[in-house]
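A short write-up of the structure that comes next.
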Amino acid sequence: MTGAAPEADGATPVSAAEAGALFAGLAGAARVLLAVSGGPDSLALLHLAAAWRADGLARGEPRPELAVATVDHRLRPEAASEARMAAAAAAALGVPAAILVWEGEKPAAGLGEAARAARYRLLLDHARAIGASHLATAHHADDQSETILMRLCAGSGLAGLAGMRAESRREGVVIVRPLLSTPKARLVAVCRARGVAFAEDPGNRDPAKARGRLRLLAAELERLGLGRERLLRLGARAARADDALEAMTGAVLSALAPRIFSGGFEIDMKALAGHADEIVIRALARLATQAAGEGRLRLERLERAALRLAAAARAGRPAALTLAGLALRLDRRGLCRAAPEPPRRRGAGRAGAC
């Protein structure tokens with residue numbers, strides 16, 4: 001469906017001055033890869049970024065080269081034509097574009113998460129291949145508020161409630177979201193003002209999907225006081241608190257100087273347990289992630305493990321448990337050692353698993 005988004009009714013397009021502020025942090029980038037689909041959000045990102053670059057170069061200001069990549073997940077019949085439309089839009093602006101295809105069989109379960117992982121893998125690989133230091137996505141304020149609400153429903157901690165970060169680093173590439181404070185309606189208005197045709201993914205309002213159900217409830221949630229602006233405020237406050245706690249955790253770990261070795265670590269848990277429980281939880285999360293890899297730690301299991309170890313260390317009791325593929329052993333002196341969990345015998349349980 002093209003050009004049908006109603007969100008722009010009465011909205012003001014993002015101005016050139018506003019775009020200058022949104023993209024200011026990218027002026028020194030080596031090259032910026034724009035993730036563009038056929039939707040209005042990313043097409044607005046493309047047009048705003050291209051205009052920002054052209055205006056800056058005309059004034060003799062430094063601006064990075066731009067490139068576009070669009071991902072065809074091969075999940076909808078229209079996806080290929082939408083990818084071609086996005087590539088054509090980039091070419092019309094003089095921006096080189098590539099269409100990246102998610103090949104292979106698609107999983108029957110967890111398709112959405114698998115598609116997201118595949119999309120980022122393809123984009124990051126392409127960014128490195130073309131020498132782009134930054135990957136820019138078109139996530140906007142509506143996406144951010146929905147993400148915070150979904151994480152609130154899922155019982156996330158502060159890090160989750162902070163929502164998406166405006167800037168993060170992954171696999172050597174800086175991921176930026178310059179439009180994160182901009183409502184979608186203003187991005188749709190950009191496309192309409194410039195006569196840019198766009199496509200709308202019908203899955204965005206599919207009631208079978210959690211995000212689609214939330215969008216259908218948006219007006220009612222607004223009436224109940226849980227609208228976009230309040231959710232964004234919650235996210236900003238959670239981000240502030242999360243950043244402060246992360247800094248405190250880093251300082252504590254620096255002072256305790258845990259011993260890190262291949263696949264494991266050793267730390268004075270008794271000394272760590274002298275700090276607030278939240279610091280203990282975050283410190284264990286960092287150490288476990290560093291030892292076991294980048295796999296996600298389930299918050300509930302992490303909390304149980306950290307609090308159990310801290311309580312035992314304070315009481316001078318030994319403890320043994322498993323977490324994220326690690327076997328953790330706490331001795332009576334309060335020294336905790338983590339090493340890869342040994343292979344389990346068939347039919348054997350996991351004693352002390354968290």
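Chain labels follow the order of the structure tokens: the first chain is A, the next B, and so on; residue numbering restarts at 1 in every chain, and ligands are counted from 1 in their shown order.
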**Request:** Apply DSSP to the backbone of this structure and, from region 28-175 of chain A, keep only the residues in strand (DSSP E); write these as a list in words.
**Result:** Arg31, Val32, Leu33, Leu34, Ala35, Glu65, Leu66, Ala67, Val68, Ala69, Thr70, Val71, Asp72, Ala97, Ala98, Ile99, Leu100, Val101, His134, Leu135, Ala136, Glu167, Ser168, Arg169, Arg170, Val173, Val174 and Ile175 of chain A
**Message:** Set the distance at 10 Å and use only C-alpha atoms: which residues neighbour Ala30 (chain A) once local chain neighbours fewer than 3 positions away are removed? I'd like the list as a PyMOL selection string.
**Reply:** chain A and resi 26-27+63-66+131-134
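As for CA of Lys184 (chain A) and CA of Arg170 (chain A), they are spaced 25.6 Å apart.
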**Request:** Write out as number ranges by chain all residues of region 89-324 of chain A that DSSP puts in helix (DSSP H, G or I) for this structure's backbone.
**Result:** A: 89-92, 111-129, 141-153, 158-161, 184-194, 202-205, 210-216, 218-223, 228-256, 269-272, 277-292, 299-315
Against region 232-235 of chain A, which residues of region 139-164 of chain A fall within 7 Å? For each one I want the closest pair of atoms and the distance in Å (one decimal), counting only C-alpha atoms, rows by chain and increasing residue number, as a Markdown table.
```
| residue | atom | partner | partner_atom | distance |
| --- | --- | --- | --- | --- |
| A:Ser145 | CA | A:Leu232 | CA | 5.6 |
| A:Ile148 | CA | A:Gly235 | CA | 6.6 |
| A:Leu161 | CA | A:Gly235 | CA | 5.6 |
| A:Ala162 | CA | A:Gly235 | CA | 4.2 |
| A:Gly163 | CA | A:Gly235 | CA | 5.9 |
```
Where does region 145-213 of chain A meet region 85-106 of chain A within 10 Å, residue by residue, with the nearest atom pair and distance in Å to one decimal for each, counting only C-alpha atoms, listed by chain and rising number, as JSON lines?
```
{"residue": "A:Val196", "atom": "CA", "partner": "A:Ala89", "partner_atom": "CA", "distance": 8.5}
{"residue": "A:Ala197", "atom": "CA", "partner": "A:Met85", "partner_atom": "CA", "distance": 8.9}
{"residue": "A:Phe198", "atom": "CA", "partner": "A:Met85", "partner_atom": "CA", "distance": 8.4}
{"residue": "A:Ala199", "atom": "CA", "partner": "A:Met85", "partner_atom": "CA", "distance": 9.2}
```
Keeping C-alpha atoms, export the residues of the selection given above as a JSON list (two decimals), in the first residue's frame.
```
[["chain", "number", "residue", "atom", "x", "y", "z"],
["A", 196, "VAL", "CA", 7.99, 10.82, -2.21],
["A", 197, "ALA", "CA", 5.99, 7.64, -2.79],
["A", 198, "PHE", "CA", 6.27, 5.10, 0.01],
["A", 199, "ALA", "CA", 4.94, 1.73, 1.05]]
```
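Considering only C-alpha atoms, the residue among A:Ala251, A:Leu221, A:Met269, A:Met150 positioned nearest to Leu328 (chain A) is A:Met269.
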**Request:** Choose the residue, out of A:Arg116, A:Arg177, A:Arg121, A:His73, that has the smallest atom-to-atom separation from Val32 (chain A); count only C-alpha atoms.
**Result:** A:Arg177
**Asked** Which neighbours of Ala49 (chain A) fall inside 10 Å, counting only C-alpha atoms, when residues of the same chain fewer than 2 positions from it are skipped, and could you give them as a PyMOL selection string?
**Response** chain A and resi 16+19-20+22-23+26+32+34+43-47+51-55+66+136+178
Those residues with N, CA and C atoms, as an mmCIF file, in the first residue's frame please?
```
data_model
loop_
_atom_site.group_PDB
_atom_site.id
_atom_site.type_symbol
_atom_site.label_atom_id
_atom_site.label_comp_id
_atom_site.auth_asym_id
_atom_site.auth_seq_id
_atom_site.Cartn_x
_atom_site.Cartn_y
_atom_site.Cartn_z
ATOM 1 N N ALA A 16 15.023 21.977 7.497
ATOM 2 C CA ALA A 16 16.457 21.832 7.235
ATOM 3 C C ALA A 16 17.269 22.139 8.481
ATOM 4 N N ALA A 19 17.001 19.201 10.784
ATOM 5 C CA ALA A 19 17.810 18.096 10.264
ATOM 6 C C ALA A 19 19.282 18.329 10.567
ATOM 7 N N GLY A 20 19.714 19.593 10.477
ATOM 8 C CA GLY A 20 21.103 19.905 10.801
ATOM 9 C C GLY A 20 21.456 19.509 12.215
ATOM 10 N N LEU A 22 19.815 17.192 14.005
ATOM 11 C CA LEU A 22 19.673 15.742 14.136
ATOM 12 C C LEU A 22 20.900 14.998 13.627
ATOM 13 N N PHE A 23 21.509 15.498 12.553
ATOM 14 C CA PHE A 23 22.635 14.805 11.920
ATOM 15 C C PHE A 23 23.996 15.380 12.293
ATOM 16 N N LEU A 26 27.109 13.309 12.972
ATOM 17 C CA LEU A 26 27.653 12.460 11.903
ATOM 18 C C LEU A 26 28.626 13.197 10.995
ATOM 19 N N VAL A 32 28.582 6.940 6.038
ATOM 20 C CA VAL A 32 27.375 6.547 6.761
ATOM 21 C C VAL A 32 26.523 5.665 5.858
ATOM 22 N N LEU A 34 22.951 4.194 5.350
ATOM 23 C CA LEU A 34 21.562 4.410 5.750
ATOM 24 C C LEU A 34 20.762 3.139 5.494
ATOM 25 N N LEU A 43 12.582 6.428 4.187
ATOM 26 C CA LEU A 43 12.707 7.296 3.017
ATOM 27 C C LEU A 43 12.878 8.748 3.451
ATOM 28 N N ALA A 44 12.227 9.128 4.546
ATOM 29 C CA ALA A 44 12.450 10.469 5.097
ATOM 30 C C ALA A 44 13.886 10.595 5.591
ATOM 31 N N LEU A 45 14.400 9.552 6.245
ATOM 32 C CA LEU A 45 15.798 9.553 6.683
ATOM 33 C C LEU A 45 16.721 9.793 5.489
ATOM 34 N N LEU A 46 16.481 9.085 4.398
ATOM 35 C CA LEU A 46 17.299 9.222 3.199
ATOM 36 C C LEU A 46 17.268 10.652 2.667
ATOM 37 N N HIS A 47 16.074 11.217 2.506
ATOM 38 C CA HIS A 47 15.959 12.559 1.926
ATOM 39 C C HIS A 47 16.529 13.614 2.863
ATOM 40 N N ALA A 51 19.856 15.858 1.873
ATOM 41 C CA ALA A 51 19.765 17.319 1.845
ATOM 42 C C ALA A 51 20.760 17.938 2.818
ATOM 43 N N TRP A 52 20.892 17.348 3.997
ATOM 44 C CA TRP A 52 21.864 17.828 4.999
ATOM 45 C C TRP A 52 23.276 17.778 4.437
ATOM 46 N N ARG A 53 23.604 16.685 3.757
ATOM 47 C CA ARG A 53 24.951 16.566 3.177
ATOM 48 C C ARG A 53 25.169 17.605 2.076
ATOM 49 N N ALA A 54 24.193 17.725 1.193
ATOM 50 C CA ALA A 54 24.345 18.675 0.084
ATOM 51 C C ALA A 54 24.457 20.109 0.585
ATOM 52 N N ASP A 55 23.631 20.477 1.558
ATOM 53 C CA ASP A 55 23.672 21.834 2.106
ATOM 54 C C ASP A 55 25.016 22.112 2.771
ATOM 55 N N LEU A 66 27.553 9.137 1.804
ATOM 56 C CA LEU A 66 26.377 8.353 2.176
ATOM 57 C C LEU A 66 26.263 7.131 1.278
ATOM 58 N N ALA A 136 23.048 4.139 10.119
ATOM 59 C CA ALA A 136 21.931 4.956 10.597
ATOM 60 C C ALA A 136 20.611 4.270 10.294
ATOM 61 N N PRO A 178 19.275 8.856 14.507
ATOM 62 C CA PRO A 178 19.129 10.314 14.607
ATOM 63 C C PRO A 178 17.689 10.797 14.734
#
```
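Note that CA of Ala320 (chain A) and CA of Arg308 (chain A) are 9.6 Å apart.
The coordinates place CA of Arg286 (chain A) at 29.5 Å from CA of Ala138 (chain A).
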**Message:** So that I can see what lies close to Leu231 (chain A), please list as JSON, numbers by chain the residues with an atom at most 9 Å from it, counting only C-alpha atoms and leaving out residues fewer than 5 positions away in the same chain.
**Reply:** {"A": [144, 145, 146, 148, 149, 226, 236]}
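Nearest to Ala29 (chain A) of all the residues A:Ala141, A:Leu326, A:Val173, A:Leu111 is A:Val173, based on only C-alpha atoms.
Excluding Ser15 (chain A) itself and any same-chain residue fewer than 2 positions from it, the protein and nucleic acid residues within 10 Å of it, counting only C-alpha atoms, are Thr12, Pro13, Ala17, Glu18, Ala19, Gly20, Leu48, Arg186 and Val190 of chain A.
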Would you mind exporting the chosen residues as a compact mmCIF listing (two decimals), in the first residue's frame, restricted to C-alpha atoms?
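For reference, again14.txt as written:
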```txt
# COMPACT_ATOMS: atom_id res chain seq x y z
CA THR A 12 4.87 19.74 10.09
CA PRO A 13 7.75 18.27 8.06
CA ALA A 17 17.56 23.50 10.48
CA GLU A 18 16.13 20.65 12.53
CA ALA A 19 17.81 18.10 10.26
CA GLY A 20 21.10 19.91 10.80
CA LEU A 48 16.83 14.48 5.10
CA ARG A 186 6.56 14.45 10.87
CA VAL A 190 8.53 14.98 4.91
```
**Request:** Would you mind listing what lies within 9 Å of region 257-266 of chain A as number ranges by chain, with only C-alpha atoms counted and same-chain residues fewer than 3 positions away left out?
**Result:** A: 252-254, 269, 287-288, 290-293, 326, 335-340
